[in-house]
$ cat data-v1.tsv   # TSV, C-alpha atoms
chain	number	residue	atom	x	y	z
A	76	MET	CA	52.62	10.61	211.04
A	77	ASP	CA	56.29	10.82	210.21
A	78	ILE	CA	58.80	11.19	213.06
A	79	LEU	CA	60.50	14.01	211.17
A	80	GLN	CA	57.62	16.37	211.82
A	81	PRO	CA	58.26	18.67	214.79
A	82	GLN	CA	54.89	18.14	216.47
A	83	ARG	CA	55.67	14.44	216.94
A	84	GLN	CA	58.77	14.89	219.08
A	85	TYR	CA	57.55	15.66	222.59
A	86	TYR	CA	57.40	12.02	223.62
A	87	ILE	CA	61.17	11.67	223.08
A	88	ASP	CA	61.74	14.31	225.74
A	89	TRP	CA	59.26	12.59	228.05
A	90	ILE	CA	61.10	9.28	227.69
A	91	ARG	CA	64.41	10.94	228.46
A	92	VAL	CA	63.08	12.82	231.51
A	93	ILE	CA	61.29	9.78	232.95
A	94	ALA	CA	64.32	7.54	232.35
A	95	PHE	CA	66.58	9.92	234.25
A	96	MET	CA	64.08	10.19	237.11
A	97	ILE	CA	64.09	6.40	237.34
A	98	LEU	CA	67.89	6.57	237.41
A	99	ILE	CA	67.76	8.95	240.39
A	100	LEU	CA	65.31	6.68	242.25
A	101	PHE	CA	67.56	3.72	241.37
A	102	HIS	CA	70.56	5.36	243.02
A	103	CYS	CA	68.51	6.42	246.05
A	104	SER	CA	67.83	2.70	246.57
A	105	MET	CA	71.47	1.63	246.27
A	106	PRO	CA	72.41	2.11	249.96
A	107	PHE	CA	69.70	-0.43	250.84
A	108	VAL	CA	70.62	-3.34	248.53
A	109	GLN	CA	73.27	-6.02	248.79
A	110	PHE	CA	75.29	-4.79	245.81
A	111	GLY	CA	78.38	-2.68	246.41
A	112	TRP	CA	78.04	1.11	246.42
A	113	GLU	CA	79.66	4.23	247.89
A	114	VAL	CA	77.58	4.31	251.10
A	115	LYS	CA	75.73	1.36	252.61
A	116	ASN	CA	73.01	0.73	255.15
A	117	ALA	CA	73.64	-1.94	257.77
A	118	GLU	CA	70.70	-3.99	256.43
A	119	HIS	CA	69.40	-4.50	252.93
A	120	SER	CA	65.99	-5.14	251.42
A	121	ILE	CA	65.48	-8.27	249.33
A	122	PHE	CA	62.57	-6.53	247.60
A	123	LEU	CA	64.86	-3.69	246.53
A	124	ASP	CA	67.53	-6.23	245.50
A	125	ARG	CA	65.08	-7.78	243.05
A	126	LEU	CA	63.73	-4.46	241.82
A	127	ILE	CA	67.21	-2.97	241.30
A	128	ILE	CA	68.53	-5.98	239.41
A	129	TRP	CA	65.57	-5.72	237.00
A	130	LEU	CA	65.81	-1.95	236.51
A	131	HIS	CA	69.54	-2.26	235.96
A	132	GLN	CA	68.99	-4.35	232.84
A	133	TRP	CA	67.18	-1.74	230.75
A	134	ARG	CA	67.50	1.75	232.26
A	135	LEU	CA	70.82	2.62	230.59
A	136	PRO	CA	70.16	0.82	227.27
A	137	LEU	CA	67.06	2.99	226.95
A	138	LEU	CA	69.10	6.15	227.60
A	139	PHE	CA	71.82	5.15	225.10
A	140	PHE	CA	69.15	4.49	222.49
A	141	ILE	CA	67.45	7.86	223.07
A	142	ALA	CA	70.85	9.59	222.98
A	143	GLY	CA	71.43	8.04	219.55
A	144	VAL	CA	68.05	9.34	218.37
A	145	GLY	CA	69.12	12.79	219.52
A	146	VAL	CA	72.30	12.57	217.46
A	147	SER	CA	70.22	12.03	214.34
A	148	PHE	CA	68.06	15.04	215.18
A	149	SER	CA	71.09	17.21	215.81
A	150	LEU	CA	72.92	16.26	212.61
A	151	ARG	CA	69.96	17.24	210.44
A	152	LYS	CA	70.53	20.87	211.39
A	153	ARG	CA	74.33	21.16	211.55
A	154	SER	CA	77.55	19.83	210.05
A	155	VAL	CA	79.47	16.95	211.58
A	156	LEU	CA	82.26	19.35	212.60
A	157	SER	CA	79.81	21.68	214.35
A	158	PHE	CA	78.19	18.68	216.04
A	159	MET	CA	81.55	17.48	217.40
A	160	GLY	CA	82.33	20.94	218.74
A	161	GLU	CA	79.03	20.93	220.58
A	162	ARG	CA	79.79	17.47	222.02
A	163	VAL	CA	83.08	18.71	223.46
A	164	ILE	CA	81.40	21.67	225.13
A	165	ARG	CA	78.35	19.81	226.46
A	166	LEU	CA	79.95	16.49	227.42
A	167	PHE	CA	83.68	16.91	228.01
A	168	ILE	CA	83.62	20.22	229.94
A	169	PRO	CA	80.96	19.05	232.46
A	170	LEU	CA	82.84	15.76	232.84
A	171	LEU	CA	86.14	17.44	233.73
A	172	PHE	CA	84.46	19.92	236.05
A	173	SER	CA	82.57	17.16	237.86
A	174	MET	CA	85.60	14.91	238.28
A	175	PHE	CA	87.46	17.67	240.11
A	176	PHE	CA	84.69	19.54	241.92
A	177	VAL	CA	81.53	17.41	242.27
A	178	ILE	CA	82.47	13.73	242.49
A	179	PRO	CA	85.33	13.91	245.08
A	180	ILE	CA	82.72	14.27	247.83
A	181	GLN	CA	81.55	10.74	247.01
A	182	VAL	CA	85.05	9.32	247.48
A	183	TYR	CA	85.46	11.22	250.74
A	184	VAL	CA	82.15	9.94	252.17
A	185	GLU	CA	82.85	6.36	251.06
A	186	ARG	CA	86.21	6.32	252.83
A	187	LEU	CA	84.73	8.05	255.83
A	188	GLN	CA	82.07	5.36	256.22
A	189	LYS	CA	84.66	2.61	255.80
A	190	LYS	CA	86.76	4.39	258.46
A	191	GLU	CA	89.71	4.58	256.09
A	192	ILE	CA	90.12	8.28	256.87
A	193	ASN	CA	89.34	10.61	259.74
A	194	GLU	CA	89.78	14.15	258.47
A	195	SER	CA	87.76	17.06	257.19
A	196	TYR	CA	86.77	17.28	253.55
A	197	TRP	CA	88.99	20.31	253.07
A	198	SER	CA	92.00	18.33	254.29
A	199	PHE	CA	91.04	15.43	252.03
A	200	TYR	CA	90.24	17.41	248.87
A	201	PRO	CA	93.82	18.26	247.70
A	202	SER	CA	94.40	14.54	247.07
A	203	VAL	CA	92.25	14.94	243.94
A	204	TRP	CA	95.04	16.95	242.35
A	205	ASP	CA	97.52	14.11	242.80
A	206	LEU	CA	95.75	12.78	239.66
A	207	VAL	CA	95.87	9.19	240.92
A	208	PRO	CA	92.86	7.19	239.62
A	209	TYR	CA	90.38	5.63	242.03
A	210	PRO	CA	90.49	3.30	243.97
A	211	GLU	CA	94.16	3.86	244.76
A	212	GLY	CA	93.65	7.62	244.48
A	213	THR	CA	90.76	10.05	244.52
A	214	LEU	CA	90.20	10.95	240.86
A	215	THR	CA	87.23	9.15	239.27
A	216	TRP	CA	84.37	9.73	236.84
A	217	SER	CA	82.07	7.57	239.02
A	218	HIS	CA	78.47	7.70	237.71
A	219	LEU	CA	79.56	9.95	234.84
A	220	TRP	CA	80.98	6.90	233.08
A	221	PHE	CA	77.81	7.25	230.98
A	222	VAL	CA	79.05	10.62	229.70
A	223	VAL	CA	82.52	9.16	229.03
A	224	TYR	CA	81.03	6.35	226.96
A	225	LEU	CA	78.79	8.75	225.02
A	226	PHE	CA	81.78	10.92	224.18
A	227	VAL	CA	83.90	7.96	223.05
A	228	PHE	CA	81.02	6.45	221.05
A	229	THR	CA	80.50	9.76	219.29
A	230	ILE	CA	84.18	9.98	218.31
A	231	LEU	CA	84.18	6.39	217.03
A	232	LEU	CA	80.97	6.81	215.03
A	233	VAL	CA	81.73	10.23	213.52
A	234	PRO	CA	82.92	8.66	210.21
A	235	ILE	CA	79.59	6.85	209.92
A	236	PHE	CA	77.66	10.00	210.78
A	237	ALA	CA	79.59	11.80	208.04
A	238	LEU	CA	78.90	9.05	205.50
A	239	PHE	CA	75.17	9.21	206.10
A	240	LYS	CA	75.25	12.91	205.28
A	241	ILE	CA	75.70	11.72	201.69
A	242	LYS	CA	72.32	11.86	199.97
A	243	ALA	CA	72.81	8.57	198.12
A	244	LEU	CA	73.31	6.73	201.44
A	245	GLN	CA	70.33	8.52	202.93
A	246	ARG	CA	68.17	7.32	200.05
A	247	TRP	CA	69.51	3.77	200.48
A	248	LYS	CA	68.61	3.82	204.16
A	249	GLN	CA	65.10	5.02	203.43
A	250	ARG	CA	64.58	1.95	201.25
A	251	LEU	CA	64.78	-0.06	204.46
A	252	ASP	CA	61.86	1.84	205.95
A	253	PRO	CA	59.09	-0.53	204.74
A	254	VAL	CA	60.87	-3.48	206.39
A	255	PHE	CA	59.99	-2.13	209.83
A	256	ALA	CA	56.28	-2.03	209.12
A	257	HIS	CA	56.13	-5.53	210.62
A	258	PRO	CA	56.56	-6.02	214.40
A	259	ILE	CA	58.81	-9.06	213.93
A	260	ALA	CA	61.31	-6.86	212.08
A	261	ASN	CA	61.41	-4.47	215.04
A	262	LEU	CA	61.74	-7.31	217.52
A	263	SER	CA	64.47	-9.05	215.49
A	264	LEU	CA	66.83	-6.17	216.30
A	265	ALA	CA	67.28	-7.80	219.71
A	266	LEU	CA	69.59	-10.34	218.04
A	267	PRO	CA	72.87	-8.37	218.42
A	268	PHE	CA	72.17	-7.82	222.12
A	269	ILE	CA	71.56	-11.53	222.64
A	270	LEU	CA	74.83	-12.34	220.86
A	271	HIS	CA	76.68	-9.85	223.08
A	272	TYR	CA	75.69	-11.95	226.09
A	273	PHE	CA	77.00	-15.09	224.48
A	274	ALA	CA	80.29	-13.49	223.41
A	275	PHE	CA	81.19	-11.02	226.18
A	276	TYR	CA	79.08	-11.33	229.32
A	277	ILE	CA	81.10	-13.87	231.31
A	278	ARG	CA	84.58	-12.73	230.39
A	279	TRP	CA	83.94	-8.99	230.71
A	280	PRO	CA	81.36	-8.29	233.43
A	281	ILE	CA	79.88	-4.83	233.65
A	282	GLN	CA	82.32	-2.32	235.14
A	283	GLY	CA	81.99	1.10	233.50
A	284	SER	CA	85.78	1.20	233.23
A	285	LEU	CA	85.83	1.77	229.42
A	286	LEU	CA	89.13	-0.01	228.66
A	287	ASP	CA	88.26	-3.50	229.95
A	288	ASP	CA	84.51	-3.58	229.68
A	289	TRP	CA	83.60	-5.16	226.37
A	290	PHE	CA	80.13	-6.46	227.21
A	291	LEU	CA	78.86	-3.08	228.36
A	292	PHE	CA	80.85	-1.21	225.71
A	293	ASN	CA	79.65	-3.27	222.74
A	294	SER	CA	76.03	-3.49	223.81
A	295	SER	CA	75.84	0.23	224.66
A	296	ILE	CA	77.39	1.44	221.40
A	297	THR	CA	74.92	-0.81	219.55
A	298	PHE	CA	71.97	0.79	221.34
A	299	TYR	CA	73.44	4.22	220.59
A	300	PHE	CA	73.95	3.46	216.89
A	301	LEU	CA	70.51	1.90	216.49
A	302	GLY	CA	68.91	5.01	217.97
A	303	TYR	CA	70.77	7.12	215.43
A	304	PHE	CA	70.05	4.79	212.50
A	305	LEU	CA	66.35	4.25	213.19
A	306	ALA	CA	65.50	7.85	214.09
A	307	ASP	CA	64.28	8.83	210.61
A	308	LEU	CA	62.75	5.48	209.61
A	309	SER	CA	59.11	6.35	210.25
A	310	SER	CA	57.83	2.77	209.93
A	311	PHE	CA	59.88	1.71	212.96
A	312	TRP	CA	58.22	4.34	215.16
A	313	ASN	CA	54.75	3.76	213.74
A	314	THR	CA	55.11	0.03	214.39
A	315	CYS	CA	56.23	0.64	217.98
A	316	GLU	CA	53.03	2.58	218.58
A	317	THR	CA	50.70	0.26	216.68
A	318	TYR	CA	52.03	-2.94	218.25
A	319	ARG	CA	52.87	-1.55	221.71
A	320	ASN	CA	50.69	-4.15	223.47
A	321	TYR	CA	52.38	-6.92	221.51
A	322	PHE	CA	55.84	-5.70	222.59
A	323	LEU	CA	54.59	-5.32	226.17
A	324	ALA	CA	53.42	-8.95	226.16
A	325	VAL	CA	56.85	-10.10	224.95
A	326	ALA	CA	58.56	-8.02	227.66
A	327	VAL	CA	56.26	-9.38	230.40
A	328	LEU	CA	56.81	-12.98	229.29
A	329	CYS	CA	60.58	-12.47	229.38
A	330	VAL	CA	60.39	-10.79	232.80
A	331	ILE	CA	58.41	-13.72	234.24
A	332	ILE	CA	61.01	-16.21	233.00
A	333	LEU	CA	63.92	-14.06	234.17
A	334	PHE	CA	62.46	-13.58	237.67
A	335	TRP	CA	61.71	-17.28	237.92
A	336	LYS	CA	65.19	-18.38	236.89
A	337	TYR	CA	67.49	-15.50	237.95
A	338	TYR	CA	66.15	-12.29	239.46
A	339	TRP	CA	64.12	-13.74	242.33
A	340	THR	CA	67.19	-15.42	243.79
A	341	VAL	CA	69.40	-12.49	242.73
A	342	ALA	CA	71.77	-14.96	241.07
A	343	LEU	CA	72.96	-14.25	237.53
A	344	PRO	CA	75.05	-16.68	235.44
A	345	THR	CA	78.76	-16.80	236.19
A	346	GLN	CA	79.86	-19.50	233.71
A	347	GLN	CA	79.60	-20.06	229.96
A	348	ASN	CA	76.95	-22.79	230.08
A	349	ASP	CA	73.29	-23.43	229.29
A	350	ALA	CA	72.20	-21.08	232.08
A	351	LEU	CA	74.10	-18.24	230.39
A	352	TYR	CA	72.57	-18.94	226.98
A	353	LEU	CA	69.05	-19.04	228.43
A	354	TYR	CA	69.69	-15.84	230.37
A	355	GLY	CA	71.30	-14.09	227.40
A	356	PHE	CA	68.43	-14.90	225.07
A	357	PHE	CA	65.64	-13.78	227.38
A	358	ASP	CA	67.47	-10.79	228.86
A	359	GLY	CA	68.56	-9.43	225.47
A	360	LEU	CA	65.02	-9.88	224.13
A	361	HIS	CA	63.53	-8.43	227.32
A	362	ILE	CA	65.63	-5.24	227.21
A	363	TRP	CA	64.83	-4.53	223.58
A	364	ALA	CA	61.13	-5.35	224.03
A	365	ILE	CA	60.96	-2.87	226.92
A	366	ILE	CA	62.52	-0.17	224.74
A	367	LEU	CA	59.99	-0.86	221.97
A	368	THR	CA	57.17	-0.83	224.53
A	369	VAL	CA	58.29	2.45	226.09
A	370	ILE	CA	58.52	4.08	222.66
A	371	GLY	CA	55.08	2.79	221.67
A	372	PHE	CA	53.24	3.93	224.79
A	373	ALA	CA	55.09	7.24	225.01
A	374	ARG	CA	54.34	8.01	221.36
A	375	ARG	CA	50.67	7.19	221.94
A	376	TYR	CA	50.10	8.94	225.28
A	377	LEU	CA	52.94	11.42	225.90
A	378	ASN	CA	53.11	13.27	222.61
A	379	PHE	CA	52.43	16.68	224.15
A	380	SER	CA	54.30	19.45	225.92
A	381	ASN	CA	53.62	21.48	229.05
A	382	PRO	CA	55.63	23.79	231.33
A	383	ALA	CA	56.86	20.87	233.45
A	384	LEU	CA	58.35	19.13	230.42
A	385	ALA	CA	59.94	22.34	229.16
A	386	TYR	CA	61.58	22.87	232.55
A	387	LEU	CA	62.69	19.28	233.15
A	388	THR	CA	64.04	18.73	229.64
A	389	THR	CA	66.77	21.25	230.40
A	390	ALA	CA	67.12	20.43	234.10
A	391	VAL	CA	67.69	16.71	233.67
A	392	TYR	CA	71.38	16.92	232.67
A	393	PRO	CA	72.42	18.97	235.74
A	394	PHE	CA	70.22	16.65	237.80
A	395	TYR	CA	72.17	13.70	236.46
A	396	ILE	CA	75.54	15.30	237.22
A	397	LEU	CA	74.61	16.22	240.80
A	398	HIS	CA	72.26	13.50	241.98
A	399	GLN	CA	74.68	10.78	243.06
A	400	THR	CA	76.89	13.17	245.02
A	401	ILE	CA	73.80	14.43	246.86
A	402	ILE	CA	72.60	10.89	247.55
A	403	VAL	CA	75.98	9.73	248.84
A	404	ALA	CA	76.58	12.80	251.02
A	405	SER	CA	73.11	12.84	252.59
A	406	GLY	CA	72.86	9.05	252.62
A	407	TYR	CA	75.93	8.87	254.88
A	408	TYR	CA	73.86	10.42	257.66
A	409	VAL	CA	70.50	8.85	256.80
A	410	VAL	CA	71.78	5.25	256.94
A	411	GLN	CA	72.96	5.85	260.51
A	412	TRP	CA	69.37	6.27	261.70
A	413	SER	CA	67.60	3.40	263.46
A	414	SER	CA	64.49	3.87	261.27
A	415	PRO	CA	63.07	1.21	258.92
A	416	ILE	CA	64.56	1.02	255.42
A	417	TRP	CA	61.44	2.43	253.74
A	418	VAL	CA	61.57	5.54	255.95
A	419	LYS	CA	65.25	6.12	255.15
A	420	LEU	CA	64.62	5.59	251.44
A	421	LEU	CA	61.69	8.02	251.39
A	422	VAL	CA	63.69	10.67	253.27
A	423	LEU	CA	66.66	10.21	250.93
A	424	ILE	CA	64.44	10.64	247.86
A	425	ILE	CA	62.87	13.83	249.30
A	426	ILE	CA	66.27	15.30	250.26
A	427	CYS	CA	67.69	14.47	246.83
A	428	PHE	CA	64.92	16.13	244.83
A	429	ILE	CA	64.72	19.21	247.08
A	430	LEU	CA	68.46	19.81	246.71
A	431	LEU	CA	68.44	19.06	242.98
A	432	PHE	CA	65.67	21.53	242.24
A	433	GLY	CA	67.14	24.13	244.59
A	434	LEU	CA	70.67	23.95	243.21
A	435	TYR	CA	69.49	23.89	239.61
A	436	HIS	CA	66.91	26.65	239.88
A	437	PHE	CA	68.89	29.13	241.97
A	438	LEU	CA	72.57	28.39	241.28
A	439	ILE	CA	72.85	26.74	237.84
A	440	ARG	CA	69.97	27.91	235.67
A	441	PRO	CA	70.37	31.71	236.09
A	442	PHE	CA	74.10	32.07	235.41
A	443	VAL	CA	76.07	31.68	232.18
A	444	PHE	CA	79.17	30.22	233.85
A	445	THR	CA	77.35	27.51	235.81
A	446	ARG	CA	75.16	26.67	232.81
A	447	ILE	CA	78.27	25.89	230.76
A	448	LEU	CA	79.82	23.83	233.57
A	449	TYR	CA	76.67	21.71	233.79
A	450	GLY	CA	76.27	21.16	230.05
A	451	LEU	CA	73.58	23.73	229.24
A	452	LYS	CA	73.47	26.40	226.59
A	453	PRO	CA	74.98	29.65	227.92
A	454	LYS	CA	71.76	31.60	227.61
A	455	ARG	CA	68.13	30.70	228.06
A	456	ILE	CA	66.28	31.46	224.84
A	457	ARG	CA	62.52	31.49	224.32
A	458	LEU	CA	62.20	30.06	220.82
A	459	PRO	CA	59.25	30.46	218.46
A	460	LYS	CA	57.51	27.21	217.59
A	461	SER	CA	59.12	27.11	214.16
A	462	GLU	CA	62.54	26.75	215.83
A	463	PHE	CA	61.48	24.32	218.57
A	464	PHE	CA	62.54	21.20	216.69
A	465	ARG	CA	66.11	22.43	216.26
A	466	ASP	CA	66.40	23.35	219.93
A	467	GLN	CA	64.92	20.04	221.00
A	468	ALA	CA	67.40	18.14	218.88
A	469	SER	CA	70.24	19.83	220.71
A	470	VAL	CA	68.77	19.07	224.14
A	471	VAL	CA	67.89	15.44	223.46
A	472	SER	CA	71.27	14.64	221.91
A	473	THR	CA	73.20	15.93	224.94
A	474	LEU	CA	72.50	12.73	226.83
$ encode --input "data-v1.tsv" --output "structure tokens"
Amino acid sequence: MDILQPQRQYYIDWIRVIAFMILILFHCSMPFVQFGWEVKNAEHSIFLDRLIIWLHQWRLPLLFFIAGVGVSFSLRKRSVLSFMGERVIRLFIPLLFSMFFVIPIQVYVERLQKKEINESYWSFYPSVWDLVPYPEGTLTWSHLWFVVYLFVFTILLVPIFALFKIKALQRWKQRLDPVFAHPIANLSLALPFILHYFAFYIRWPIQGSLLDDWFLFNSSITFYFLGYFLADLSSFWNTCETYRNYFLAVAVLCVIILFWKYYWTVALPTQQNDALYLYGFFDGLHIWAIILTVIGFARRYLNFSNPALAYLTTAVYPFYILHQTIIVASGYYVVQWSSPIWVKLLVLIIICFILLFGLYHFLIRPFVFTRILYGLKPKRIRLPKSEFFRDQASVVSTL
């Protein structure tokens, strides 16, 4: 059945919700791994090191791809100008609000743990308004770099979005649809991601800094554009579902090789040599195969809605904005315990989700002002089924 039909869209929301829940669990684990983060436990877990380095490869590419799909949905129901206005409201306003009122707590706790400061938060907070970027100053977008990149990608790709509003170009694109009836055609789209490793990985390691981050920037905008471009090519989605086990096998094979050569020892290539080319080929293929696999299994088994999905589809953006600040602030105290790592991790996960649901349900969801600050529509509307697709397009394309 064609992806354009409204009843086939629930699995996109499920992918987005599950991906963001994995992101929250990922950040709950960060105090307990060897990689740098805002707050750190005295000891780290080698098991979590290996798990985190694997999750880190594909969690954000999947989200960028799904965000691109959402753009295609959204543009079917509105003009490019209207779409850009919505992006400003639902991306830029929450970003600015968070940089000044949500994220500074992370900087405060980080410096507190490093014993760089010894003052109350209220004494520390005015330094945000010095407008000096982190790390020299306090102002940072921290984990919301994802929102920054989405906003910039949208601005850069607006001319292309406008061009594909032309019916002649739409018809040309639909002629490509039969190509993706074969699984090799779907899998071959991993090629640009492999080439990004060869061209950018060593010289521009991942930073999230936007201006000097060409590996992450180029690969992420490619995922974003592919999501947009493939969204209405029904053969691509049908093939993902039909050949989901085939794509899973490719992903598993790549994961085995990557763990054997790189992940198990937590040692990624640092030079432009044969090790980098081997890593780039299998990691680029592995990331794309996981995305195809997730789409295939979600389309087959998660193509339904229920009250939990309806609630979480809206909640997930405020969850994303708040989660890292909650983890850092509560993690500062949890890591000081003498308990085993698994106990601290479990407690941190429980604290995080309790606070996320509490803050969202009682302080964000009911009020127009807080809904706007956290990227939601000003008013909760119960839509008839005939209008669900339009509303879903708006929600999915937010992130």
$ closest_atom_pairs --input "data-v1.tsv" --of "stretch 338-437 of chain A" --to "stretch 285-307 of chain A" --cutoff "12 Å" --atoms "all atoms listed in the file" --output "CSV"
residue,atom,partner,partner_atom,distance
A:Gly355,CA,A:Phe290,CA,11.7
A:Gly359,CA,A:Ser294,CA,9.7
A:Ile362,CA,A:Phe298,CA,10.5
A:Trp363,CA,A:Phe298,CA,9.2
A:Ile366,CA,A:Phe298,CA,10.1
A:Leu367,CA,A:Gly302,CA,11.4
A:Ile370,CA,A:Gly302,CA,11.4
$ atom_distance --input "data-v1.tsv" --atom1 "atom CA of A:Trp133" --atom2 "atom CA of A:Thr213"
29.7 Å
$ residues_near_point --input "data-v1.tsv" --point "(81.0, -17.1, 222.4)" --cutoff "12 Å" --atoms "only C-alpha atoms" --output "list of chain:residue names"
A:Ile269, A:Leu270, A:His271, A:Tyr272, A:Phe273, A:Ala274, A:Phe275, A:Tyr276, A:Ile277, A:Arg278, A:Trp279, A:Phe290, A:Gln346, A:Gln347, A:Asn348, A:Leu351, A:Tyr352, A:Gly355
$ write_last_selection --input "data-v1.tsv" --atoms "C-alpha atoms" --output "CSV table (one decimal), in the coordinates of the input"
chain,number,residue,atom,x,y,z
A,269,ILE,CA,71.6,-11.5,222.6
A,270,LEU,CA,74.8,-12.3,220.9
A,271,HIS,CA,76.7,-9.8,223.1
A,272,TYR,CA,75.7,-12.0,226.1
A,273,PHE,CA,77.0,-15.1,224.5
A,274,ALA,CA,80.3,-13.5,223.4
A,275,PHE,CA,81.2,-11.0,226.2
A,276,TYR,CA,79.1,-11.3,229.3
A,277,ILE,CA,81.1,-13.9,231.3
A,278,ARG,CA,84.6,-12.7,230.4
A,279,TRP,CA,83.9,-9.0,230.7
A,290,PHE,CA,80.1,-6.5,227.2
A,346,GLN,CA,79.9,-19.5,233.7
A,347,GLN,CA,79.6,-20.1,230.0
A,348,ASN,CA,77.0,-22.8,230.1
A,351,LEU,CA,74.1,-18.2,230.4
A,352,TYR,CA,72.6,-18.9,227.0
A,355,GLY,CA,71.3,-14.1,227.4
$ atom_distance --input "data-v1.tsv" --atom1 "atom CA of A:Leu451" --atom2 "atom CA of A:Phe437"
14.6 Å
$ atom_distance --input "data-v1.tsv" --atom1 "atom CA of A:Phe228" --atom2 "atom CA of A:Met159"
11.6 Å
$ closest_residue --input "data-v1.tsv" --among "A:Ser405, A:Ser202, A:Gln282, A:Thr317" --to "A:Lys115" --atoms "only C-alpha atoms"
A:Ser405
$ residues_around --input "data-v1.tsv" --residues "A:Leu323" --least-positions-apart "6" --cutoff "7 Å" --atoms "all atoms listed in the file" --output "PyMOL selection string"
chain A and resi 364-365+368
$ residues_around --input "data-v1.tsv" --residues "A:Ser195" --least-positions-apart "5" --cutoff "12 Å" --atoms "only C-alpha atoms" --output "VMD selection string"
chain A and resid 180 183 to 184 186 to 187 200 to 201
$ closest_residue --input "data-v1.tsv" --among "A:Val391, A:Gln132, A:Cys315, A:Leu238" --to "A:Ile93" --atoms "all atoms listed in the file"
A:Val391
$ closest_residue --input "data-v1.tsv" --among "A:Pro258, A:Pro393, A:Pro179, A:Pro234" --to "A:Leu430" --atoms "all atoms listed in the file"
A:Pro393
$ closest_residue --input "data-v1.tsv" --among "A:Ser284, A:Gln181, A:Leu262, A:Pro344" --to "A:Val325" --atoms "only C-alpha atoms"
A:Leu262
$ closest_residue --input "data-v1.tsv" --among "A:Phe140, A:Trp312, A:Trp204, A:Trp247" --to "A:Asn261" --atoms "all atoms listed in the file"
A:Trp312
$ build_atoms --input "data-v1.tsv" --residues "stretch 111-122 of chain A" --atoms "N, CA and C atoms" --output "compact mmCIF listing (two decimals), in the coordinates of the input"
# COMPACT_ATOMS: atom_id res chain seq x y z
N GLY A 111 77.44 -3.68 245.95
CA GLY A 111 78.38 -2.68 246.41
C GLY A 111 78.04 -1.28 245.92
N TRP A 112 78.27 -0.29 246.78
CA TRP A 112 78.04 1.11 246.42
C TRP A 112 78.84 1.99 247.36
N GLU A 113 78.82 3.31 247.13
CA GLU A 113 79.66 4.23 247.89
C GLU A 113 79.30 4.29 249.38
N VAL A 114 78.02 4.26 249.70
CA VAL A 114 77.58 4.31 251.10
C VAL A 114 76.52 3.24 251.29
N LYS A 115 76.59 2.52 252.42
CA LYS A 115 75.73 1.36 252.61
C LYS A 115 75.02 1.40 253.95
N ASN A 116 73.78 0.95 253.93
CA ASN A 116 73.01 0.73 255.15
C ASN A 116 73.42 -0.58 255.79
N ALA A 117 73.23 -0.71 257.07
CA ALA A 117 73.64 -1.94 257.77
C ALA A 117 72.82 -3.14 257.30
N GLU A 118 71.57 -2.92 256.91
CA GLU A 118 70.70 -3.99 256.43
C GLU A 118 70.27 -3.69 255.01
N HIS A 119 69.89 -4.73 254.29
CA HIS A 119 69.40 -4.50 252.93
C HIS A 119 68.02 -5.12 252.76
N SER A 120 67.34 -4.68 251.72
CA SER A 120 65.99 -5.14 251.42
C SER A 120 66.02 -6.09 250.23
N ILE A 121 65.51 -7.30 250.43
CA ILE A 121 65.48 -8.27 249.33
C ILE A 121 64.54 -7.81 248.23
N PHE A 122 63.48 -7.08 248.61
CA PHE A 122 62.57 -6.53 247.60
C PHE A 122 63.31 -5.53 246.71
